[in-house]
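Student: There's a structure below that I have some questions on.
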Amino acid sequence: MSLTDTPPLSSAAAGSAAPEERAAAPAPGRGAHGGVKGLFERHALLLLLVAVAVFFSVLPASADVFPTQENLSVLLGDRATVALLALSVILPLVCGYFDFSLGAIAATSSVLTAGLMSFHDLPLGLAMTAGIGVGVLVGAVNGLLVTRFGLNAFVTTLGMATLLGGLVQWYTGGQTILLGLDPRLAEFGSTTLLGIPQVVYVVAVVAALLWYLLAQTPFGRSLYAIGSNPRSAALVGIRVQRSVWSTFVLAGGIAGLVGVLSLARAGSATADPGTGLLFPALAAAFLGATAVRPGFFNVVGTLIGVLFVSVSVSGLTLAGADTWASPVFNGAALLVAVGLSSYLGRSRGVRTV
Amino acid sequence: MTQTTDPVANASTDAVLRVAGLTKRFGATLALDRAELELRPGTVHALVGGNGCGKSTTIKVLAGVHRADAGRIEVADQGWEAGHYDAKAGRAAGLRFVHQDLGLFPELSIAENFALDAGYPTGPGRRVRWGALQRRVAQLLAAYEIDADPRTPVAALRPAQRTLVAICRALQDSEADRQLVLVLDEPTATLPQHESAVLLDAVRRRADLGQTVLMVSHRMPEVLAVCDDFTVFRDGRTVAALVGRRPTERELVGHMTGTAPADAVDGGTTPAVPAHDADVVLAVHGLHGGPLRGVDLEVRRGEVVGVAGLVGSGRSSLLRTVFGEHAPGAGTVTVRGSGGAVAAVGGVRARMDAGVALVPEDRAGEAAFPELTIRDNLSAPVLRRYRRLRGMDRRRERADAAALVARYGVRTPSADAPLASLSGGNQQKVVLARWLQRDPALLLLDEPTQGVDVMSRADIYRTVREAAAGGCAVLVASSDLLELSTLCDRVLVLQDGRVAAEATGAQLTPDSLTALTQSSAGAPAGEPLGAPR
Ligand SMILES: Nc1ncnc2c1ncn2[C@@H]1O[C@H](COP(=O)(O)OP(=O)(O)OP(=O)(O)O)[C@@H](O)[C@H]1O
Ligand SMILES: [Mg+2]
């Protein structure tokens, strides 16, 4: 490049040649890193996913079961809730806030939905609305505490998670809620459509909506601006507090939906603090931030992240690994992902941690 | 390496720092292309050149932040191939850096800031010997003629003093038998004029005592007044090395641009006389809030009004309040913007809708989205323009970004590069372009040309004048009085939170503005400082 420091306006030609070449390139959502290296960086996780899938498809210990349609169907169905939770996790993360309570919100929603049907004989629709509604409500409270009162998001949501965990214990008396549930819910959770579990379609729809919201609307774009520099964001007319609050509310609502889906999938609600769901979701979200749009949390990357973690764990299990293999893998993936994104140096990390 | 004094002839063996053939590539950008630099001991050496010509990159290579692809670095009697040079080597050889953010801890005392750098003196049981620390720091401060108590928190110091403390701290392990080289990247870019004079005086005095200094600056009068030697970069190459003689500003700028210098280098605009019956776009009455104590002013269509004042006089607060960021404590701000939209109340959004734009003072803290692309940075205040049902109109956004990058001469291979990869001055151009693309009805500029090179500055002045000619009202706060006198139709002087004086016509010279700003203000030492960041 031999761009000169010549005055602008008068000698625009020299400076404009390169940008215009780029402008014509029809690659929406592309990061700044052209060339082979950037291309590889964006697709590394996808390649890794394919590699892992191929590996377990040929590995003698898992080759019989792993590549079958049944296994894939079970795998997708089982991981649908994690995928959805991971999608909710990235919303506040895009703005630079950590919501640690989303797993607990899902657990609360699941228990409440089940309890309302089982203990109070409420109809399914009402119970589901209450489950999702409680997620929205808790998200709104979290958002208010973090934006209006300026509390540290990590500590606030950790406190909220603990509190919700306790309430779940109290509400269920530590018992699993199994009886008196509307059978239509469990049926929805266990049947497939075109060979794919129905819950997966719910994830697909939510993912599509979120992708549109984050990548294709001024609102979503301004969330990334907030994540980059909230002071600058306020001075270009972005309503920072309100936007951050909305991400907490939206994330809470999606986590509420996760609760309903996991109830549908399991057919029962256990008194569980929800962290078992949250950690793989976090791992997927951070893995996703190394892909597609490296350095930024994004919907497609997150989905690839979920698939990568799920396929690896499923393969390991089929290959005969013990139950501890799954959390070890999740933890390691999370560490690698966080390390990688700070190594790439483009992820600012999460301000509140 | 063509013009003037042949640097090779002067390659006397006593150079304290010599850089040869330094090359550094960032992806598609060749930031340094066999650059040369040579410092004589005991001199203040200016490194100058247009935005993005590689000055900061050179300094970052010397500091070990970046590793050069090729070249040779020699400090005193040691030498390295650039590939083997790192931060530790530079430090051991005696290079000391003061970066623009100074790296001080504002809440801590001066003494503690020194100790955090060099370690606390400890007595038995690793107890900190505060007395010894304070005595040592007091001696150093005295040696550098900094009039401050070691126990003062850094935040309470005047801006120039803060920079001096950072310099003094960087040089604290200097010994009589060892020459340290002090490197300063744009030390005065964010300082008001009189503060930078204080700082440069001090630097000059250190050099007269034998200190070697390398400094980068875009303020030509400054470097011409204080520096002994000059190295000019253009496109990552050394195009001139002027040793031991002061060039004229024209000559320096000529080297920077590579063309015969034109006369119109700094502005060269004759202020248009605004029609007096032109509509009042901005009316401020009895404005209180923060440092403001009853500001009254009006800005009409097509008028460029400057705001001068000492540190703490409330220039930035005034602009921010007008932009709706702060609600006024008392008084009114009325903006009669584009299409007759009137905004008297409301926050930033309402003001923006009325056509108000603000280029804030603190670029890194309040204007930049460093990780986002240049395109994202440009479109941030106009995102709604690109909204369609099928999603954001990226094609149009890209085309707009490319056009702005070209129009404002932003030096980058692509508008899809992250903003952080731009040089400082080029980032400032992006921020200006971000707001000028909105064709604002009222443009608020706070130190608009900080870090911008001389050539681009003239272009920015021209662009602002063009906007004004198109009906925009402009309010500029600047501590560069030459800038105000070049750019403005009239200049208001803020003092103690009020408009204390107004300069028009023949009074619009840097000298008379200096007199107006300083008069009756007394010593600026007791001024409340701008909010510490
Ligand atoms: N980390 C980076 N990644 C990519 N490009 C970079 C990076 N740092 C600098 N550059 C590019 O290298 C060139 C030189 O930049 P540098 O910061 O040295 O300029 P400068 O002379 O200090 O300019 P200014 O006067 O504006 O501060 C620029 O084109 C810049 O965009
Ligand atoms: Mg620079």
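By convention in this document, the chains of the structure tokens carry letters A, B, ... by their order, each chain's residues are numbered from 1, and ligands are numbered from 1 in the order they are shown.
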Taking only C-alpha atoms into account and nothing else, which residues of chain B lie no more than 6 Å away from chain A? Please answer as a VMD selection string.
Tutor: chain B and resid 50 348 to 349 366 to 367 369 381 383 to 384 391 to 392 398 to 399 402 406 to 409 413 to 417 455 to 456
Student: Go ahead and save the residues from that selection, with N, CA, C and O atoms, as a compact mmCIF listing (two decimals), in the first residue's frame.
Tutor:
# COMPACT_ATOMS: atom_id res chain seq x y z
N GLY B 50 2.79 13.37 8.84
CA GLY B 50 1.33 13.32 8.75
C GLY B 50 0.75 12.19 9.58
O GLY B 50 1.47 11.31 10.05
N VAL B 348 -29.83 13.64 25.06
CA VAL B 348 -29.02 13.56 23.85
C VAL B 348 -29.87 13.24 22.62
O VAL B 348 -29.73 13.85 21.57
N ARG B 349 -30.78 12.26 22.78
CA ARG B 349 -31.58 11.85 21.63
C ARG B 349 -32.41 13.00 21.07
O ARG B 349 -32.44 13.24 19.86
N GLU B 366 -14.75 8.74 25.16
CA GLU B 366 -16.13 9.15 24.92
C GLU B 366 -16.56 9.15 23.47
O GLU B 366 -17.69 9.50 23.16
N ALA B 367 -15.68 8.79 22.57
CA ALA B 367 -16.10 8.82 21.18
C ALA B 367 -15.80 7.51 20.45
O ALA B 367 -16.52 7.14 19.54
N PHE B 369 -15.25 3.51 19.51
CA PHE B 369 -15.60 2.11 19.75
C PHE B 369 -14.41 1.32 19.22
O PHE B 369 -14.40 0.90 18.06
N PRO B 381 -24.27 6.88 14.91
CA PRO B 381 -25.38 7.80 15.17
C PRO B 381 -26.43 7.82 14.07
O PRO B 381 -27.41 8.54 14.19
N LEU B 383 -27.71 4.81 12.53
CA LEU B 383 -28.09 3.43 12.25
C LEU B 383 -29.49 3.33 11.66
O LEU B 383 -29.76 2.50 10.81
N ARG B 384 -30.35 4.23 12.11
CA ARG B 384 -31.74 4.12 11.65
C ARG B 384 -31.88 4.37 10.15
O ARG B 384 -32.84 3.96 9.53
N GLY B 391 -33.58 -6.32 6.96
CA GLY B 391 -32.33 -6.20 7.71
C GLY B 391 -31.58 -4.96 7.31
O GLY B 391 -32.00 -4.21 6.44
N MET B 392 -30.44 -4.76 7.96
CA MET B 392 -29.65 -3.55 7.73
C MET B 392 -29.15 -3.51 6.28
O MET B 392 -28.73 -4.52 5.74
N ARG B 398 -21.77 0.33 3.65
CA ARG B 398 -20.40 0.21 3.19
C ARG B 398 -20.02 1.33 2.24
O ARG B 398 -18.94 1.91 2.34
N ALA B 399 -20.94 1.61 1.32
CA ALA B 399 -20.64 2.66 0.34
C ALA B 399 -20.47 3.99 1.05
O ALA B 399 -19.53 4.75 0.77
N ALA B 402 -17.14 4.03 2.89
CA ALA B 402 -16.01 4.19 1.97
C ALA B 402 -15.92 5.63 1.50
O ALA B 402 -14.82 6.21 1.41
N ALA B 406 -12.76 8.20 2.26
CA ALA B 406 -12.05 8.89 1.19
C ALA B 406 -12.13 10.40 1.38
O ALA B 406 -11.13 11.11 1.28
N ARG B 407 -13.31 10.89 1.71
CA ARG B 407 -13.50 12.33 1.79
C ARG B 407 -12.66 12.94 2.90
O ARG B 407 -12.12 14.03 2.76
N TYR B 408 -12.55 12.25 4.04
CA TYR B 408 -11.80 12.81 5.15
C TYR B 408 -10.37 12.30 5.19
O TYR B 408 -9.66 12.53 6.17
N GLY B 409 -9.95 11.60 4.16
CA GLY B 409 -8.55 11.19 4.08
C GLY B 409 -8.12 10.30 5.21
O GLY B 409 -7.01 10.42 5.72
N PRO B 413 -6.43 0.66 5.00
CA PRO B 413 -6.66 -0.16 3.80
C PRO B 413 -8.13 -0.48 3.60
O PRO B 413 -8.53 -0.81 2.50
N SER B 414 -8.95 -0.40 4.65
CA SER B 414 -10.34 -0.80 4.50
C SER B 414 -11.18 -0.21 5.61
O SER B 414 -10.74 -0.11 6.76
N ALA B 415 -12.42 0.15 5.28
CA ALA B 415 -13.33 0.65 6.31
C ALA B 415 -13.80 -0.47 7.21
O ALA B 415 -14.50 -0.23 8.19
N ASP B 416 -13.43 -1.71 6.91
CA ASP B 416 -13.79 -2.83 7.76
C ASP B 416 -12.71 -3.15 8.80
O ASP B 416 -12.82 -4.12 9.53
N ALA B 417 -11.67 -2.33 8.84
CA ALA B 417 -10.63 -2.54 9.85
C ALA B 417 -11.13 -1.99 11.19
O ALA B 417 -11.92 -1.05 11.22
N MET B 455 -1.71 19.28 7.83
CA MET B 455 -2.39 19.33 6.53
C MET B 455 -3.88 19.04 6.70
O MET B 455 -4.73 19.76 6.17
N SER B 456 -4.19 17.99 7.45
CA SER B 456 -5.59 17.63 7.63
C SER B 456 -6.33 18.70 8.43
O SER B 456 -7.52 18.90 8.26
Student: Do a neighbour search on A:Ser118 at 6 Å with only C-alpha atoms, toss out local chain neighbours closer than 4 positions, and write the hits as a compact mmCIF listing (two decimals) with all heavy atoms, in the first residue's frame.
Tutor:
# COMPACT_ATOMS: atom_id res chain seq x y z
N ALA A 114 -44.48 -26.62 36.32
CA ALA A 114 -44.93 -27.94 36.77
C ALA A 114 -45.81 -27.82 38.01
O ALA A 114 -46.88 -28.43 38.10
CB ALA A 114 -43.71 -28.82 37.07
N GLY A 180 -49.59 -35.03 37.71
CA GLY A 180 -50.53 -33.94 37.48
C GLY A 180 -50.11 -32.98 36.40
O GLY A 180 -50.64 -31.89 36.30
N LEU A 181 -49.12 -33.35 35.59
CA LEU A 181 -48.71 -32.47 34.50
C LEU A 181 -49.56 -32.75 33.27
O LEU A 181 -50.01 -33.87 33.06
CB LEU A 181 -47.24 -32.71 34.17
CG LEU A 181 -46.25 -32.56 35.32
CD1 LEU A 181 -44.83 -32.76 34.84
CD2 LEU A 181 -46.41 -31.20 35.97
Student: Excluding A:Val249 and residues on its chain fewer than 5 positions from it, collect all residues at most 7 Å away from it, counting only C-alpha atoms, and give them as a ChimeraX atom specification.
Tutor: /A:136,139-140,143
Student: Just N, CA and C atoms for this one: save the residues we selected as a PDB file, in the first residue's frame.
Tutor:
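File written: result_12.pdb
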ATOM      1  N   VAL A 136     -39.109 -13.289  32.745  1.00  0.00           N
ATOM      2  CA  VAL A 136     -39.111 -11.883  32.349  1.00  0.00           C
ATOM      3  C   VAL A 136     -38.999 -10.984  33.580  1.00  0.00           C
ATOM      4  N   GLY A 139     -35.588 -11.130  35.153  1.00  0.00           N
ATOM      5  CA  GLY A 139     -34.681 -10.385  34.276  1.00  0.00           C
ATOM      6  C   GLY A 139     -34.864  -8.887  34.457  1.00  0.00           C
ATOM      7  N   ALA A 140     -36.111  -8.447  34.568  1.00  0.00           N
ATOM      8  CA  ALA A 140     -36.364  -7.021  34.740  1.00  0.00           C
ATOM      9  C   ALA A 140     -35.754  -6.512  36.039  1.00  0.00           C
ATOM     10  N   GLY A 143     -31.999  -6.409  35.657  1.00  0.00           N
ATOM     11  CA  GLY A 143     -31.631  -5.272  34.802  1.00  0.00           C
ATOM     12  C   GLY A 143     -31.733  -3.956  35.546  1.00  0.00           C
TER      13      GLY A 143
END
Student: Can you measure atom CA of A:Gly135 to atom CA of A:Ser109 for me? One decimal in Å is fine.
Tutor: 6.6 Å
Student: Residues within 6 Å of ligand 1 (only C-alpha atoms and all ligand atoms), as a ChimeraX atom specification?
Tutor: /B:26,31,50-57,411-412,421-426
Student: Got time to write the residues from that selection, N, CA and C atoms, as a PDB file, in the first residue's frame?
Tutor:
ATOM      1  N   PHE B  26       1.671  -4.168   9.132  1.00  0.00           N
ATOM      2  CA  PHE B  26       0.447  -4.652   9.783  1.00  0.00           C
ATOM      3  C   PHE B  26      -0.474  -5.124   8.678  1.00  0.00           C
ATOM      4  N   ALA B  31       3.500   0.054   7.769  1.00  0.00           N
ATOM      5  CA  ALA B  31       3.514   1.202   8.679  1.00  0.00           C
ATOM      6  C   ALA B  31       4.885   1.857   8.697  1.00  0.00           C
ATOM      7  N   GLY B  50       2.789  13.368   8.843  1.00  0.00           N
ATOM      8  CA  GLY B  50       1.329  13.322   8.754  1.00  0.00           C
ATOM      9  C   GLY B  50       0.748  12.186   9.575  1.00  0.00           C
ATOM     10  N   ASN B  51      -0.559  12.192   9.727  1.00  0.00           N
ATOM     11  CA  ASN B  51      -1.228  11.148  10.493  1.00  0.00           C
ATOM     12  C   ASN B  51      -1.020   9.793   9.837  1.00  0.00           C
ATOM     13  N   GLY B  52      -0.602   8.844  10.635  1.00  0.00           N
ATOM     14  CA  GLY B  52      -0.449   7.485  10.129  1.00  0.00           C
ATOM     15  C   GLY B  52       0.853   7.262   9.386  1.00  0.00           C
ATOM     16  N   CYS B  53       1.854   8.147   9.577  1.00  0.00           N
ATOM     17  CA  CYS B  53       3.112   7.979   8.857  1.00  0.00           C
ATOM     18  C   CYS B  53       4.066   7.074   9.618  1.00  0.00           C
ATOM     19  N   GLY B  54       3.692   6.637  10.811  1.00  0.00           N
ATOM     20  CA  GLY B  54       4.513   5.648  11.499  1.00  0.00           C
ATOM     21  C   GLY B  54       5.253   6.147  12.724  1.00  0.00           C
ATOM     22  N   LYS B  55       4.899   7.324  13.223  1.00  0.00           N
ATOM     23  CA  LYS B  55       5.615   7.871  14.382  1.00  0.00           C
ATOM     24  C   LYS B  55       5.354   7.009  15.624  1.00  0.00           C
ATOM     25  N   SER B  56       4.067   6.794  15.919  1.00  0.00           N
ATOM     26  CA  SER B  56       3.751   5.993  17.103  1.00  0.00           C
ATOM     27  C   SER B  56       4.247   4.570  16.954  1.00  0.00           C
ATOM     28  N   THR B  57       4.203   4.052  15.722  1.00  0.00           N
ATOM     29  CA  THR B  57       4.688   2.693  15.515  1.00  0.00           C
ATOM     30  C   THR B  57       6.178   2.609  15.853  1.00  0.00           C
ATOM     31  N   ARG B 411      -6.540   7.266   6.726  1.00  0.00           N
ATOM     32  CA  ARG B 411      -5.517   6.395   6.163  1.00  0.00           C
ATOM     33  C   ARG B 411      -5.733   4.980   6.650  1.00  0.00           C
ATOM     34  N   THR B 412      -6.361   4.145   5.843  1.00  0.00           N
ATOM     35  CA  THR B 412      -6.630   2.757   6.220  1.00  0.00           C
ATOM     36  C   THR B 412      -6.814   1.939   4.957  1.00  0.00           C
ATOM     37  N   SER B 421      -7.004   0.055  14.972  1.00  0.00           N
ATOM     38  CA  SER B 421      -5.828  -0.109  14.129  1.00  0.00           C
ATOM     39  C   SER B 421      -5.435   1.194  13.438  1.00  0.00           C
ATOM     40  N   LEU B 422      -6.234   2.241  13.619  1.00  0.00           N
ATOM     41  CA  LEU B 422      -5.886   3.519  13.011  1.00  0.00           C
ATOM     42  C   LEU B 422      -4.931   4.297  13.906  1.00  0.00           C
ATOM     43  N   SER B 423      -4.163   5.185  13.305  1.00  0.00           N
ATOM     44  CA  SER B 423      -3.338   6.088  14.097  1.00  0.00           C
ATOM     45  C   SER B 423      -4.252   7.109  14.770  1.00  0.00           C
ATOM     46  N   GLY B 424      -3.723   7.758  15.807  1.00  0.00           N
ATOM     47  CA  GLY B 424      -4.547   8.666  16.606  1.00  0.00           C
ATOM     48  C   GLY B 424      -5.262   9.716  15.781  1.00  0.00           C
ATOM     49  N   GLY B 425      -4.532  10.383  14.921  1.00  0.00           N
ATOM     50  CA  GLY B 425      -5.137  11.450  14.137  1.00  0.00           C
ATOM     51  C   GLY B 425      -6.212  10.934  13.201  1.00  0.00           C
ATOM     52  N   ASN B 426      -6.001   9.746  12.685  1.00  0.00           N
ATOM     53  CA  ASN B 426      -7.004   9.175  11.788  1.00  0.00           C
ATOM     54  C   ASN B 426      -8.273   8.780  12.536  1.00  0.00           C
TER      55      ASN B 426
END
Student: Taking the DSSP assignment computed from this structure's backbone, write out as a list in words all residues of stretch 350-386 of chain B that belong to strand (DSSP E).
Tutor: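 Checking each residue of stretch 350-386 of chain B, the strand (DSSP E) ones are Val356, Ala357, Leu358 and Val359 of chain B.
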Student: For A:Gly252, find every residue with an atom within 12 Å (counting only C-alpha atoms), except residues of its own chain fewer than 4 positions away, and show them as an NGL selection string.
Tutor: :A and (84-92 or 99-109 or 131-143 or 157 or 160-161 or 245-248 or 256-259)
Student: Tell me which protein, DNA and RNA residues are within 12 Å of B:Pro247, counting only C-alpha atoms, leaving out same-chain ones fewer than 4 positions away, and put them as a short mmCIF file (atom, residue, chain, number, x, y, z; two decimals) with all heavy atoms, in the first residue's frame.
Tutor:
data_model
loop_
_atom_site.label_atom_id
_atom_site.label_comp_id
_atom_site.auth_asym_id
_atom_site.auth_seq_id
_atom_site.Cartn_x
_atom_site.Cartn_y
_atom_site.Cartn_z
N THR B 4 18.07 18.11 2.19
CA THR B 4 18.79 18.82 3.25
C THR B 4 20.01 18.05 3.79
O THR B 4 20.56 17.21 3.12
CB THR B 4 17.84 19.13 4.44
OG1 THR B 4 17.50 17.92 5.05
CG2 THR B 4 16.62 19.83 3.97
N THR B 5 20.29 18.35 5.02
CA THR B 5 21.47 17.79 5.64
C THR B 5 21.52 16.28 5.48
O THR B 5 20.57 15.60 5.85
CB THR B 5 21.47 18.12 7.13
OG1 THR B 5 20.84 19.37 7.32
CG2 THR B 5 22.88 18.15 7.67
N ALA B 46 12.63 16.27 17.45
CA ALA B 46 11.22 16.20 17.07
C ALA B 46 11.06 15.13 15.98
O ALA B 46 11.83 15.09 15.03
CB ALA B 46 10.75 17.54 16.54
N MET B 220 3.24 22.58 15.24
CA MET B 220 4.49 23.02 14.64
C MET B 220 5.16 24.15 15.42
O MET B 220 6.37 24.11 15.65
CB MET B 220 4.27 23.42 13.18
CG MET B 220 3.98 22.25 12.26
SD MET B 220 5.28 21.02 12.35
CE MET B 220 4.36 19.59 12.83
N PRO B 221 4.41 25.18 15.82
CA PRO B 221 5.10 26.27 16.53
C PRO B 221 5.83 25.75 17.76
O PRO B 221 6.94 26.19 18.06
CB PRO B 221 3.95 27.20 16.94
CG PRO B 221 2.84 26.89 16.01
CD PRO B 221 2.98 25.44 15.65
N VAL B 223 7.14 22.58 18.38
CA VAL B 223 8.38 21.86 18.11
C VAL B 223 9.44 22.81 17.57
O VAL B 223 10.62 22.68 17.88
CB VAL B 223 8.18 20.67 17.15
CG1 VAL B 223 7.40 19.58 17.81
CG2 VAL B 223 7.55 21.09 15.86
N LEU B 224 9.00 23.79 16.79
CA LEU B 224 9.98 24.72 16.23
C LEU B 224 10.62 25.53 17.34
O LEU B 224 11.79 25.90 17.26
CB LEU B 224 9.30 25.64 15.21
CG LEU B 224 8.95 24.93 13.90
CD1 LEU B 224 8.05 25.78 13.05
CD2 LEU B 224 10.22 24.56 13.15
N ALA B 225 9.88 25.78 18.39
CA ALA B 225 10.43 26.59 19.47
C ALA B 225 11.35 25.80 20.37
O ALA B 225 12.30 26.33 20.91
CB ALA B 225 9.29 27.19 20.29
N CYS B 227 12.69 22.34 19.84
CA CYS B 227 13.52 21.20 19.41
C CYS B 227 14.81 21.65 18.72
O CYS B 227 14.86 22.71 18.10
CB CYS B 227 12.72 20.29 18.49
SG CYS B 227 11.34 19.56 19.33
N ASP B 228 15.82 20.80 18.83
CA ASP B 228 17.10 21.07 18.17
C ASP B 228 17.17 20.41 16.80
O ASP B 228 17.59 21.00 15.83
CB ASP B 228 18.25 20.53 19.02
CG ASP B 228 18.22 21.07 20.42
OD1 ASP B 228 18.41 22.28 20.59
OD2 ASP B 228 17.96 20.28 21.36
N ASP B 229 16.78 19.12 16.78
CA ASP B 229 16.87 18.34 15.55
C ASP B 229 15.47 17.88 15.13
O ASP B 229 14.60 17.74 15.97
CB ASP B 229 17.74 17.10 15.77
CG ASP B 229 19.16 17.48 16.16
OD1 ASP B 229 19.50 18.67 16.02
OD2 ASP B 229 19.89 16.60 16.62
N PHE B 230 15.33 17.63 13.86
CA PHE B 230 14.01 17.24 13.35
C PHE B 230 14.14 16.05 12.40
O PHE B 230 15.01 16.05 11.53
CB PHE B 230 13.38 18.40 12.56
CG PHE B 230 13.16 19.62 13.40
CD1 PHE B 230 14.21 20.47 13.69
CD2 PHE B 230 11.92 19.90 13.92
CE1 PHE B 230 14.03 21.59 14.48
CE2 PHE B 230 11.72 21.01 14.72
CZ PHE B 230 12.78 21.86 15.01
N THR B 231 13.29 15.06 12.60
CA THR B 231 13.21 13.99 11.63
C THR B 231 11.79 13.98 11.10
O THR B 231 10.83 14.02 11.88
CB THR B 231 13.54 12.63 12.27
OG1 THR B 231 14.90 12.66 12.71
CG2 THR B 231 13.34 11.50 11.28
N VAL B 232 11.65 13.95 9.79
CA VAL B 232 10.32 13.99 9.18
C VAL B 232 10.05 12.63 8.53
O VAL B 232 10.86 12.14 7.75
CB VAL B 232 10.21 15.11 8.13
CG1 VAL B 232 8.78 15.18 7.61
CG2 VAL B 232 10.64 16.43 8.71
N ALA B 240 13.36 13.40 5.72
CA ALA B 240 14.30 14.47 6.00
C ALA B 240 14.82 14.34 7.41
O ALA B 240 14.09 13.92 8.31
CB ALA B 240 13.62 15.83 5.83
N ALA B 241 16.09 14.64 7.59
CA ALA B 241 16.67 14.71 8.92
C ALA B 241 17.39 16.03 9.01
O ALA B 241 18.36 16.27 8.29
CB ALA B 241 17.63 13.54 9.13
N LEU B 242 16.87 16.93 9.81
CA LEU B 242 17.42 18.27 9.91
C LEU B 242 18.16 18.36 11.22
O LEU B 242 17.55 18.33 12.28
CB LEU B 242 16.31 19.32 9.85
CG LEU B 242 15.28 19.08 8.75
CD1 LEU B 242 14.09 20.01 8.94
CD2 LEU B 242 15.90 19.31 7.39
N VAL B 243 19.47 18.42 11.15
CA VAL B 243 20.26 18.35 12.36
C VAL B 243 20.84 19.71 12.70
O VAL B 243 21.46 20.35 11.86
CB VAL B 243 21.40 17.32 12.20
CG1 VAL B 243 22.26 17.28 13.45
CG2 VAL B 243 20.82 15.95 11.90
N GLU B 251 8.91 24.79 5.59
CA GLU B 251 9.85 23.78 5.14
C GLU B 251 9.46 22.42 5.71
O GLU B 251 9.42 21.41 5.00
CB GLU B 251 11.26 24.17 5.59
CG GLU B 251 12.33 23.22 5.06
CD GLU B 251 13.72 23.55 5.60
OE1 GLU B 251 13.88 24.61 6.24
OE2 GLU B 251 14.62 22.72 5.40
N LEU B 252 9.15 22.40 7.02
CA LEU B 252 8.77 21.14 7.66
C LEU B 252 7.54 20.53 7.00
O LEU B 252 7.50 19.35 6.65
CB LEU B 252 8.45 21.37 9.14
CG LEU B 252 9.57 21.20 10.16
CD1 LEU B 252 8.97 21.22 11.55
CD2 LEU B 252 10.32 19.91 9.92
N VAL B 253 6.53 21.37 6.82
CA VAL B 253 5.29 20.88 6.22
C VAL B 253 5.54 20.42 4.80
O VAL B 253 4.95 19.43 4.34
CB VAL B 253 4.20 21.97 6.30
CG1 VAL B 253 2.95 21.52 5.56
CG2 VAL B 253 3.88 22.29 7.74
N GLY B 254 6.42 21.12 4.13
CA GLY B 254 6.79 20.71 2.77
C GLY B 254 7.34 19.29 2.76
O GLY B 254 6.98 18.48 1.90
N HIS B 255 8.21 18.98 3.72
CA HIS B 255 8.74 17.62 3.81
C HIS B 255 7.63 16.62 4.12
O HIS B 255 7.61 15.51 3.60
CB HIS B 255 9.81 17.54 4.90
CG HIS B 255 11.09 18.22 4.51
ND1 HIS B 255 11.69 18.01 3.30
CD2 HIS B 255 11.86 19.11 5.17
CE1 HIS B 255 12.80 18.74 3.24
NE2 HIS B 255 12.91 19.42 4.36
#
Student: Between B:Tyr386, B:Phe233, B:Trp130, B:Trp80, which residue has the minimum interatomic distance to ligand 2, considering only C-alpha atoms and all ligand atoms?
Tutor: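 When distances to ligand 2 are compared using only C-alpha atoms and all ligand atoms, the smallest one comes from B:Phe233.
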Student: Could you pull out the helix (DSSP H, G or I) residues of stretch 34-74 of chain B, going by DSSP on the backbone, and write them as a PyMOL selection string?
Tutor: chain B and resi 55-62
Student: Restricting the calculation to only C-alpha atoms and all ligand atoms: of B:Asp208, B:Glu361, B:Glu186, B:Glu502, which residue gets closest to ligand 2?
Tutor: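 When distances to ligand 2 are compared using only C-alpha atoms and all ligand atoms, the smallest one comes from B:Glu186.
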Student: If I take atom CA of B:Ala368 and atom CA of B:Ser478, how far is one from the other in Å, to one decimal?
Tutor: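 It comes out at 19.6 Å.
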Student: Would you compute the distance between atom CA of B:Leu133 and atom CA of B:Asn113? Give it in Å to one decimal.
Tutor: 10.9 Å
Student: Write out as an MDAnalysis selection string the residues lying within 8 Å of stretch 54-58 of chain A, counting only C-alpha atoms and excluding same-chain residues fewer than 6 positions away.
Tutor: chainID A and resid 64 66:67 315 319
Student: Just the selected residues (N, CA, C and O atoms), exported as a tab-separated table (two decimals), in the first residue's frame, please.
Tutor:
chain	number	residue	atom	x	y	z
A	64	ASP	N	-20.39	-47.34	15.56
A	64	ASP	CA	-21.67	-48.03	15.35
A	64	ASP	C	-22.85	-47.13	15.65
A	64	ASP	O	-23.86	-47.16	14.95
A	66	PHE	N	-22.64	-43.57	16.86
A	66	PHE	CA	-22.53	-42.10	16.74
A	66	PHE	C	-23.16	-41.53	15.47
A	66	PHE	O	-23.98	-40.62	15.54
A	67	PRO	N	-22.80	-42.05	14.29
A	67	PRO	CA	-23.31	-41.37	13.09
A	67	PRO	C	-24.74	-41.74	12.72
A	67	PRO	O	-25.19	-41.41	11.62
A	315	GLY	N	-19.84	-38.04	21.76
A	315	GLY	CA	-18.86	-38.97	21.23
A	315	GLY	C	-18.06	-39.62	22.34
A	315	GLY	O	-17.87	-40.84	22.36
A	319	ALA	N	-17.95	-43.48	23.30
A	319	ALA	CA	-16.66	-44.16	23.24
A	319	ALA	C	-16.30	-44.77	24.59
A	319	ALA	O	-15.22	-45.32	24.74
